[in-house]
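Reproduced below: model_35.txt, with compact mmCIF, C-alpha atoms and all ligand atoms.
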```
# COMPACT_ATOMS: atom_id res chain seq x y z
CA MET A 1333 -20.49 -2.61 19.71
CA ASN A 1334 -17.31 -2.50 21.82
CA PHE A 1335 -14.29 -1.90 19.58
CA ILE A 1336 -11.76 -2.93 22.21
CA GLN A 1337 -11.50 -5.96 24.51
CA TRP A 1338 -10.66 -4.96 28.09
CA ALA A 1339 -9.31 -6.87 31.07
CA THR A 1340 -8.38 -6.13 34.67
CA SER A 1341 -4.65 -6.15 35.48
CA PRO A 1342 -3.30 -7.83 38.68
CA TRP A 1343 -3.29 -4.29 40.16
CA GLY A 1344 -6.97 -3.82 39.51
CA GLU A 1345 -6.45 -1.43 36.59
CA ARG A 1346 -8.79 -1.72 33.61
CA VAL A 1347 -6.54 -2.15 30.58
CA PRO A 1348 -7.13 -2.75 26.85
CA ILE A 1349 -5.83 -6.12 25.60
CA HIS A 1350 -6.92 -6.49 21.96
CA ILE A 1351 -9.25 -4.98 19.43
CA SER A 1352 -12.63 -6.62 19.13
CA TRP A 1353 -12.27 -9.19 16.34
CA ASP A 1354 -15.64 -8.04 14.97
CA LEU A 1355 -13.59 -5.23 13.42
CA LEU A 1356 -12.11 -7.83 11.09
CA TRP A 1357 -15.56 -8.37 9.60
CA ALA A 1358 -16.22 -4.63 9.53
CA SER A 1359 -13.05 -4.12 7.47
CA ALA A 1360 -13.80 -7.04 5.12
CA ILE A 1361 -17.37 -5.81 4.57
CA ALA A 1362 -16.17 -2.21 4.00
CA GLY A 1363 -13.64 -3.53 1.45
CA ALA A 1364 -16.29 -5.63 -0.33
CA LEU A 1365 -18.76 -2.69 -0.42
CA PHE A 1366 -16.11 -0.44 -1.90
CA LEU A 1367 -15.41 -2.94 -4.69
CA ILE A 1368 -19.09 -3.43 -5.48
CA VAL A 1369 -19.93 0.30 -5.50
CA HIS A 1370 -16.85 1.10 -7.60
CA ALA A 1371 -17.59 -1.68 -10.12
CA ILE A 1372 -21.23 -0.51 -10.48
CA TYR A 1373 -20.12 3.12 -10.83
CA VAL A 1374 -17.57 2.32 -13.55
CA GLY A 1375 -19.94 -0.08 -15.32
CA TYR A 1376 -23.01 2.18 -15.41
CA TRP A 1377 -22.19 5.83 -14.70
CA ALA A 1378 -18.59 6.83 -15.33
CA LYS A 1379 -18.01 8.39 -18.76
CA PRO A 1380 -14.83 7.33 -20.58
CA ALA A 1381 -12.22 10.08 -20.21
CA ALA A 1382 -12.07 12.30 -23.29
CA GLU A 1383 -8.68 12.06 -24.97
CA PRO A 1384 -7.20 15.60 -25.17
CA PRO A 1385 -5.78 16.39 -28.62
CA GLN A 1386 -2.07 15.71 -28.91
CA ASP A 1387 -0.11 18.92 -29.47
CA SER A 1388 2.94 19.09 -31.70
CA LYS A 1389 5.31 19.01 -28.68
CA GLN A 1390 3.75 15.74 -27.51
CA ALA A 1391 3.86 14.23 -31.00
CA ALA A 1392 7.56 15.07 -31.23
CA ALA A 1393 8.16 13.49 -27.81
CA ALA A 1394 6.25 10.35 -28.93
CA ALA A 1395 8.47 9.99 -31.98
CA ARG A 1396 11.52 9.88 -29.72
CA LEU A 1397 10.03 7.33 -27.31
CA PRO A 1398 11.07 3.69 -27.21
CA GLU A 1399 8.31 1.10 -27.65
CA ARG A 1400 8.69 0.02 -24.03
CA VAL A 1401 8.86 2.67 -21.30
CA ALA A 1402 10.63 1.38 -18.18
CA ARG A 1403 8.45 1.84 -15.10
CA HIS A 1404 9.72 -0.40 -12.29
CA SER A 1405 13.35 -1.47 -11.90
CA PHE A 1406 14.17 -5.04 -10.88
CA GLY A 1407 14.93 -3.88 -7.31
CA ALA A 1408 11.54 -2.18 -7.02
CA ARG A 1409 9.68 -5.22 -8.40
CA ALA A 1410 11.56 -7.64 -6.14
CA PHE A 1411 10.63 -5.47 -3.14
CA HIS A 1412 6.97 -5.36 -4.16
CA TRP A 1413 6.61 -9.14 -4.46
CA VAL A 1414 8.59 -9.97 -1.31
CA MET A 1415 6.47 -7.48 0.62
CA ALA A 1416 3.26 -8.88 -0.93
CA ALA A 1417 4.20 -12.47 0.02
CA ALA A 1418 5.06 -11.41 3.59
CA MET A 1419 1.82 -9.44 3.82
CA PHE A 1420 -0.33 -12.42 2.76
CA VAL A 1421 1.40 -14.70 5.26
CA LEU A 1422 0.90 -12.07 7.98
CA LEU A 1423 -2.78 -11.60 7.19
CA PHE A 1424 -3.56 -15.33 7.00
CA THR A 1425 -1.57 -16.25 10.12
CA ALA A 1426 -3.12 -13.35 12.05
CA PHE A 1427 -6.74 -13.73 11.06
CA LEU A 1428 -7.43 -17.38 10.21
CA PRO A 1429 -7.16 -18.32 13.90
CA LYS A 1430 -9.57 -15.46 14.71
CA VAL A 1431 -12.22 -17.00 12.43
CA GLY A 1432 -11.83 -20.46 13.90
CA VAL A 1433 -9.02 -22.07 11.83
CA ARG A 1434 -6.71 -23.44 14.50
CA PHE A 1435 -2.98 -23.93 13.80
CA SER A 1436 0.26 -22.75 15.37
CA TRP A 1437 0.46 -19.41 13.68
CA LEU A 1438 2.75 -17.40 15.91
CA THR A 1439 6.23 -18.45 14.68
CA ILE A 1440 5.22 -18.17 11.00
CA HIS A 1441 3.69 -14.78 11.80
CA TRP A 1442 6.69 -13.17 13.44
CA ILE A 1443 9.10 -14.58 10.82
CA ALA A 1444 6.94 -13.04 8.07
CA GLY A 1445 6.87 -9.86 10.18
CA ILE A 1446 10.66 -9.72 10.11
CA VAL A 1447 10.70 -10.34 6.35
CA LEU A 1448 8.24 -7.46 5.94
CA THR A 1449 10.31 -5.19 8.19
CA VAL A 1450 13.59 -5.92 6.36
CA SER A 1451 11.92 -5.43 2.96
CA VAL A 1452 10.46 -2.08 4.08
CA VAL A 1453 13.85 -0.89 5.39
CA TYR A 1454 15.34 -1.84 2.00
CA HIS A 1455 12.54 0.03 0.21
CA ILE A 1456 13.06 3.20 2.26
CA ILE A 1457 16.81 3.23 1.49
CA HIS A 1458 16.24 2.34 -2.18
CA ALA A 1459 13.55 5.01 -2.61
CA SER A 1460 15.59 7.67 -0.79
CA PHE A 1461 18.83 7.29 -2.73
CA TRP A 1462 18.02 5.64 -6.07
CA LEU A 1463 14.39 6.35 -6.95
CA ASP A 1464 12.58 9.62 -7.49
CA PHE A 1465 11.59 9.96 -3.82
CA TRP A 1466 8.90 12.64 -4.28
CA SER A 1467 7.07 10.90 -7.16
CA ILE A 1468 4.80 8.94 -4.78
CA TRP A 1469 3.70 11.70 -2.36
CA PRO A 1470 0.58 13.81 -3.09
CA ASN A 1471 1.41 17.39 -4.11
CA SER A 1472 -0.48 20.62 -4.76
CA GLN A 1473 -0.85 19.86 -8.49
CA ASP A 1474 -2.64 16.58 -7.61
CA LEU A 1475 -5.08 18.47 -5.41
CA THR A 1476 -5.74 21.12 -8.06
CA ASP A 1477 -6.42 18.37 -10.62
CA ALA A 1478 -8.63 16.41 -8.23
CA SER A 1479 -10.71 19.52 -7.56
CA ARG A 1480 -11.00 20.20 -11.33
CA ARG A 1481 -12.08 16.61 -11.94
CA LEU A 1482 -14.72 16.87 -9.21
CA GLN A 1483 -16.04 20.20 -10.56
CA ARG A 1484 -16.33 18.77 -14.06
CA ALA A 1485 -18.00 15.58 -12.76
CA LEU A 1486 -20.58 17.84 -11.07
CA GLY A 1487 -21.16 19.61 -14.38
CA LYS A 1488 -19.44 22.87 -13.30
CA PRO A 1489 -17.02 24.69 -15.61
CA ALA A 1490 -13.34 24.00 -14.83
CA PRO A 1491 -10.16 23.74 -16.90
CA PRO A 1492 -9.31 20.16 -17.93
CA PRO A 1493 -7.10 18.32 -15.41
CA ARG A 1494 -3.58 17.43 -16.53
CA LYS A 1495 -2.54 13.83 -17.12
CA PHE A 1496 -0.73 12.16 -14.26
CA GLY A 1497 2.94 12.08 -13.42
CA LYS A 1498 4.35 8.63 -12.72
CA TYR A 1499 1.68 7.91 -10.08
CA PRO A 1500 -2.00 8.96 -10.13
CA LEU A 1501 -3.40 10.55 -6.97
CA GLU A 1502 -5.30 7.33 -6.07
CA ASN A 1503 -2.04 5.36 -6.04
CA LYS A 1504 -0.37 8.06 -3.96
CA LEU A 1505 -3.21 8.00 -1.41
CA PHE A 1506 -3.06 4.20 -1.27
CA HIS A 1507 0.69 4.36 -0.67
CA LEU A 1508 0.12 6.93 2.11
CA ALA A 1509 -2.42 4.66 3.85
CA VAL A 1510 -0.08 1.64 3.53
CA PHE A 1511 2.78 3.81 4.82
CA PHE A 1512 0.92 4.68 8.06
CA ALA A 1513 -0.62 1.23 8.62
CA GLY A 1514 2.73 -0.42 7.77
CA LEU A 1515 4.68 1.77 10.20
CA ALA A 1516 2.12 0.98 12.90
CA VAL A 1517 2.31 -2.85 12.51
CA ILE A 1518 6.10 -2.82 12.19
CA PHE A 1519 6.73 -0.51 15.15
CA THR A 1520 4.32 -2.33 17.49
CA GLY A 1521 5.24 -5.78 16.08
CA PHE A 1522 8.91 -5.15 16.85
CA PHE A 1523 8.19 -4.61 20.56
CA MET A 1524 5.65 -7.47 20.61
CA LEU A 1525 8.56 -9.77 19.73
CA TYR A 1526 9.60 -9.29 23.38
CA ARG A 1527 6.41 -11.07 24.45
CA VAL A 1528 7.01 -14.27 22.51
CA PRO A 1529 9.91 -16.77 22.36
CA THR A 1530 12.32 -15.77 19.56
CA PRO A 1531 16.10 -16.28 19.13
CA PHE A 1532 16.60 -12.48 19.18
CA PHE A 1533 15.65 -11.25 22.63
CA THR A 1534 15.17 -12.65 26.10
CA ARG A 1535 11.40 -12.62 26.63
CA ASN A 1536 10.43 -9.64 28.74
CA PRO A 1537 6.72 -9.06 29.22
CA TYR A 1538 7.59 -6.42 31.84
CA LEU A 1539 9.29 -4.12 29.32
CA PHE A 1540 6.21 -1.86 29.38
CA SER A 1541 3.26 -1.32 31.68
CA ASP A 1542 0.08 -3.34 31.07
CA MET A 1543 -1.57 -0.19 29.73
CA THR A 1544 1.24 0.48 27.21
CA TRP A 1545 1.23 -3.16 26.06
CA GLY A 1546 -2.54 -3.00 25.69
CA VAL A 1547 -2.36 0.14 23.55
CA MET A 1548 0.31 -1.56 21.39
CA TYR A 1549 -1.80 -4.67 20.83
CA VAL A 1550 -4.80 -2.52 19.98
CA LEU A 1551 -2.77 -0.43 17.51
CA HIS A 1552 -1.26 -3.58 15.95
CA GLY A 1553 -4.69 -5.17 15.57
CA LEU A 1554 -6.30 -1.97 14.22
CA ALA A 1555 -3.62 -1.41 11.58
CA GLY A 1556 -3.84 -5.14 10.77
CA VAL A 1557 -7.58 -5.05 10.07
CA VAL A 1558 -7.19 -1.85 8.06
CA PHE A 1559 -4.84 -3.85 5.83
CA VAL A 1560 -7.68 -6.29 5.04
CA ALA A 1561 -9.71 -3.57 3.29
CA LEU A 1562 -6.61 -1.97 1.74
CA ILE A 1563 -5.37 -5.23 0.23
CA MET A 1564 -8.84 -6.13 -1.06
CA ALA A 1565 -9.03 -2.77 -2.87
CA HIS A 1566 -5.46 -3.13 -4.15
CA ILE A 1567 -6.08 -6.57 -5.67
CA TYR A 1568 -9.40 -5.44 -7.13
CA PHE A 1569 -7.70 -2.56 -8.97
CA ALA A 1570 -4.78 -4.79 -10.00
CA VAL A 1571 -7.12 -7.15 -11.87
CA ARG A 1572 -9.43 -4.51 -13.40
CA PRO A 1573 -9.02 -4.69 -17.20
CA GLU A 1574 -8.07 -1.01 -17.58
CA LYS A 1575 -5.35 -1.34 -14.90
CA LEU A 1576 -3.86 -4.66 -16.02
CA PHE A 1577 -1.05 -2.88 -17.88
CA LEU A 1578 0.12 -1.48 -14.54
CA THR A 1579 0.01 -4.91 -12.91
CA LYS A 1580 2.02 -6.35 -15.81
CA SER A 1581 4.56 -3.56 -15.36
CA MET A 1582 5.08 -4.78 -11.79
CA ILE A 1583 6.05 -8.16 -13.30
CA PHE A 1584 7.92 -7.19 -16.46
CA GLY A 1585 9.07 -3.68 -15.52
CA TRP A 1586 7.71 -1.65 -18.47
CA ILE A 1587 4.58 -0.15 -20.00
CA SER A 1588 4.00 0.42 -23.71
CA ARG A 1589 4.66 3.79 -25.35
CA GLU A 1590 0.89 4.04 -26.09
CA LYS A 1591 -0.07 3.54 -22.43
CA TYR A 1592 2.57 6.04 -21.34
CA LEU A 1593 1.19 8.70 -23.67
CA GLU A 1594 -2.43 7.83 -22.88
CA HIS A 1595 -2.09 8.14 -19.10
CA HIS A 1596 0.98 10.22 -18.29
CA ASP A 1597 2.08 13.77 -18.83
CA PRO A 1598 5.64 13.67 -20.18
CA GLU A 1599 6.37 16.93 -18.34
CA ARG A 1600 5.33 15.41 -15.02
CA TRP A 1601 7.05 12.07 -15.70
CA PRO A 1602 9.76 13.32 -18.01
CA LEU A 1603 11.90 11.42 -20.47
CA GLU A 1604 15.54 12.15 -21.06
CA GLY A 1605 16.68 12.31 -24.68
CA GLY A 1606 13.76 10.15 -25.87
CA ALA A 1607 14.59 7.39 -23.42
CA PRO A 1608 12.42 7.00 -20.35
CA GLN A 1609 13.60 8.60 -17.16
CA THR A 1610 11.84 5.91 -15.19
CA GLY A 1611 11.62 7.72 -11.91
CA GLN A 1612 13.23 4.52 -10.76
CA SER A 1613 16.81 5.57 -11.19
CA LYS A 1614 18.81 8.58 -12.18
CA ALA A 1615 19.50 6.98 -15.60
CA PRO A 1616 17.74 4.01 -17.25
CA GLU A 1617 20.96 2.07 -17.70
CA ALA A 1618 21.56 2.40 -13.97
CA ALA A 1619 18.18 0.91 -13.04
CA ILE A 1620 18.76 -1.39 -10.09
C1 LIG A 1701 0.07 -6.63 7.82
C2 LIG A 1701 0.85 -6.95 8.78
C3 LIG A 1701 0.42 -7.55 10.09
C4 LIG A 1701 -0.81 -7.96 10.51
C5 LIG A 1701 -2.12 -7.95 9.75
C6 LIG A 1701 -0.67 -8.45 11.87
C7 LIG A 1701 -1.71 -8.91 12.65
C8 LIG A 1701 -1.58 -9.40 13.94
C9 LIG A 1701 -2.65 -9.75 14.81
C10 LIG A 1701 -4.13 -9.56 14.49
C11 LIG A 1701 -2.11 -10.22 15.96
C12 LIG A 1701 -2.88 -10.64 17.22
C13 LIG A 1701 -2.84 -9.41 18.11
C14 LIG A 1701 -3.63 -9.57 19.36
O1 LIG A 1701 -3.73 -10.68 19.89
O2 LIG A 1701 -4.16 -8.53 19.81
C15 LIG A 1701 -0.69 -10.19 15.83
C16 LIG A 1701 0.22 -10.62 16.76
C17 LIG A 1701 1.59 -10.52 16.64
N1 LIG A 1701 2.29 -9.88 15.62
FE1 LIG A 1701 1.47 -9.16 13.94
N2 LIG A 1701 0.64 -8.36 12.24
C18 LIG A 1701 1.35 -7.81 11.19
C19 LIG A 1701 2.69 -7.48 11.16
C20 LIG A 1701 3.61 -7.85 12.14
C21 LIG A 1701 5.01 -7.53 12.12
C22 LIG A 1701 5.67 -6.68 11.03
C23 LIG A 1701 5.57 -8.10 13.23
C24 LIG A 1701 6.99 -8.10 13.71
C25 LIG A 1701 7.93 -7.30 13.27
C26 LIG A 1701 4.50 -8.77 13.96
C27 LIG A 1701 4.64 -9.45 15.15
C28 LIG A 1701 3.63 -9.97 15.90
C29 LIG A 1701 3.82 -10.69 17.15
C30 LIG A 1701 5.16 -10.99 17.82
C31 LIG A 1701 2.55 -11.04 17.60
C32 LIG A 1701 2.17 -11.90 18.81
C33 LIG A 1701 2.02 -11.16 20.05
C34 LIG A 1701 1.50 -12.09 21.12
O3 LIG A 1701 0.75 -13.02 20.82
O4 LIG A 1701 1.81 -11.81 22.26
N3 LIG A 1701 3.32 -8.60 13.27
N4 LIG A 1701 -0.39 -9.67 14.58
```
Re-express the file's structure as structure tokens.
Ligand code: HEM
Amino acid sequence: MNFIQWATSPWGERVPIHISWDLLWASAIAGALFLIVHAIYVGYWAKPAAEPPQDSKQAAAAARLPERVARHSFGARAFHWVMAAAMFVLLFTAFLPKVGVRFSWLTIHWIAGIVLTVSVVYHIIHASFWLDFWSIWPNSQDLTDASRRLQRALGKPAPPPRKFGKYPLENKLFHLAVFFAGLAVIFTGFFMLYRVPTPFFTRNPYLFSDMTWGVMYVLHGLAGVVFVALIMAHIYFAVRPEKLFLTKSMIFGWISREKYLEHHDPERWPLEGGAPQTGQSKAPEAAI
């Protein structure tokens, strides 16, 4: 199978022009397989996590907790849903024509691309200055816990892993993958705007060499198809019964005190004076 479509430039150079659109199916099938294998694993093999006994420190912290623990500020939720809407429009406008649904996709696509870009710029500024920036990046504690979990799953002796901070390792890894794929589509998409009629730039297909354009189109397409599998997995987890409380928190902004204590380590996602330090803002009242 050839992963890239090639062409010959007017100067006789062999240049890449697109990815092979078979990769779209490869990504969709990989996404579907992941869902099926995960659902079978959880349904038939995975043991429910044993609840570690609550120590007196934790019980005291619970007594000080409000019933609703703030998890996502309005600004963070608005970003998530604007980005999600832009992402769906981008995926459908990009790939429906590739599977035979013909419509004029290009203008809708690049407008959604600009919405995505602006929302991501907002998110980077918001996360850098108002949110707890480091809460979403994997750290050494996550790796230690992951290795303990693996050892225990294999029946080897290992100390129990700690509960999570604000974000479990899986969410952090998903964010990392979206970060790289997102940067790739945005960076290449920005320059690709020079190839199509927009009100922003004078069209200039000679901005780069044929080879550089080709590499950009391939990178754009590759990151785009990776998003197909990533979004499938994301939606699958969002609707799984045990994760629904997280999905609801992306709508309403909070999780219950019980869910907070069940899944999170108050030392890793600490509370200030009994009120949740959401990781969203320096102080809950200031949540934006
Ligand atoms: C998840 C996000 C995105 C996906 C899945 C996606 C997917 C695609 C695909 C598959 C193509 C066809 C590429 C080809 O023919 O080789 C394309 C073209 C294009 N994309 Fe995107 N894209 C995304 C984000 C963006 C963004 C953020 C921008 C702009 C900032 C953008 C701007 C464009 C433009 C201008 C074209 C047309 C290029 C042309 O036909 O010459 N895209 N996109």
Next item on the list: Collect all residues with atoms no farther than 7 Å from ligand LIG 1701 (chain A), counting only C-alpha atoms and all ligand atoms, and output them as a ChimeraX atom specification.
Entry: /A:1349-1351,1419,1422-1423,1426-1427,1438,1441-1442,1445-1446,1448-1449,1514,1517-1518,1521-1522,1524-1525,1527-1528,1549-1550,1552-1553,1555-1557,1559
Note to self: At a cut-off of 8 Å, using all atoms listed in the file, what residues contact range 1408-1412 of chain A? Leave out same-chain residues fewer than 3 positions from it and give the result as a PyMOL selection string.
What the structure shows: chain A and resi 1404-1405+1415-1416+1451-1452+1454-1455+1582-1583+1585+1612+1620
Next item on the list: Mind giving me the straight-line distance from CA of Val1510 in chain A to CA of Ile1368 in chain A in Å, one decimal?
Entry: 21.6 Å
Checklist line | Which residue of A:Val1401, A:Leu1475, A:Val1421, A:Leu1486 approaches Phe1577 in chain A most closely, using only C-alpha atoms | finding: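 Looking at the shortest contact to Phe1577 in chain A, the residue is A:Val1401.
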Check: Residues at most 9 Å from Glu1594 in chain A, counting all atoms listed in the file, excluding those fewer than 3 positions away in the same chain, as a VMD selection string?
Finding: chain A and resid 1383 1495 1589 to 1591 1597
Checklist line | Counting only C-alpha atoms, the residue of A:Ala1478, A:Tyr1499, A:Arg1484, A:Lys1430 that sits nearest Phe1465 in chain A | finding: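 Looking only at the distances to Phe1465 in chain A, the closest residue turns out to be A:Tyr1499.
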Notebook entry, point to check: Of the candidates A:Trp1469, A:Phe1540, A:Trp1353, A:Trp1413, which one gets nearest to Phe1523 in chain A if we count all atoms listed in the file?
Noted result: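 So, comparing all the options, the nearest one is A:Phe1540.
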Notebook entry, point to check: If you measure from CA of Trp1586 in chain A to CA of Ser1467 in chain A, what distance in Å do you get, rounded to one decimal?
Noted result: 16.9 Å
Next item on the list: Point out the residue among A:Leu1508, A:Ile1361, A:Ile1456, A:Gly1487 with the least atom-to-atom distance to Pro1470 in chain A, counting all atoms listed in the file.
Entry: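 Distance minimum relative to Pro1470 in chain A lands on A:Leu1508.
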Using all atoms of range 1456-1461 of chain A listed in the file and a margin of 4 Å per side, can you give the axis-aligned box centre and edge lengths in Å to one decimal, as lines of an AutoDock Vina configuration file?
```
center_x = 15.9
center_y = 5.0
center_z = -0.2
size_x = 13.8
size_y = 13.3
size_z = 13.0
```
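Going from CA of Ala1561 in chain A to CA of Ala1360 in chain A covers 5.7 Å.
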Using the incomplete input, complete range 1462-1475 of chain A to the level of N, CA and C atoms; output as a compact mmCIF listing (two decimals), in the frame of the given file.
```txt
# COMPACT_ATOMS: atom_id res chain seq x y z
N TRP A 1462 17.97 6.05 -4.66
CA TRP A 1462 18.02 5.64 -6.07
C TRP A 1462 16.77 6.00 -6.86
N LEU A 1463 15.63 6.07 -6.20
CA LEU A 1463 14.39 6.35 -6.95
C LEU A 1463 14.06 7.84 -6.85
N ASP A 1464 13.04 8.24 -7.59
CA ASP A 1464 12.58 9.62 -7.49
C ASP A 1464 11.67 9.68 -6.26
N PHE A 1465 12.25 10.06 -5.12
CA PHE A 1465 11.59 9.96 -3.82
C PHE A 1465 10.22 10.65 -3.80
N TRP A 1466 10.12 11.84 -4.42
CA TRP A 1466 8.90 12.64 -4.28
C TRP A 1466 7.78 12.19 -5.22
N SER A 1467 8.08 11.25 -6.15
CA SER A 1467 7.07 10.90 -7.16
C SER A 1467 5.83 10.24 -6.56
N ILE A 1468 5.92 9.71 -5.35
CA ILE A 1468 4.80 8.94 -4.78
C ILE A 1468 3.99 9.72 -3.74
N TRP A 1469 4.43 10.95 -3.40
CA TRP A 1469 3.70 11.70 -2.36
C TRP A 1469 2.77 12.71 -3.01
N PRO A 1470 1.52 12.84 -2.50
CA PRO A 1470 0.58 13.81 -3.09
C PRO A 1470 1.16 15.23 -3.03
N ASN A 1471 0.94 16.00 -4.10
CA ASN A 1471 1.41 17.39 -4.11
C ASN A 1471 0.28 18.34 -4.51
N SER A 1472 0.59 19.64 -4.56
CA SER A 1472 -0.48 20.62 -4.76
C SER A 1472 -1.11 20.45 -6.16
N GLN A 1473 -0.31 20.06 -7.14
CA GLN A 1473 -0.85 19.86 -8.49
C GLN A 1473 -1.92 18.74 -8.49
N ASP A 1474 -1.66 17.68 -7.71
CA ASP A 1474 -2.64 16.58 -7.61
C ASP A 1474 -3.97 17.10 -7.06
N LEU A 1475 -3.85 17.98 -6.04
CA LEU A 1475 -5.08 18.47 -5.41
C LEU A 1475 -5.84 19.40 -6.36
```
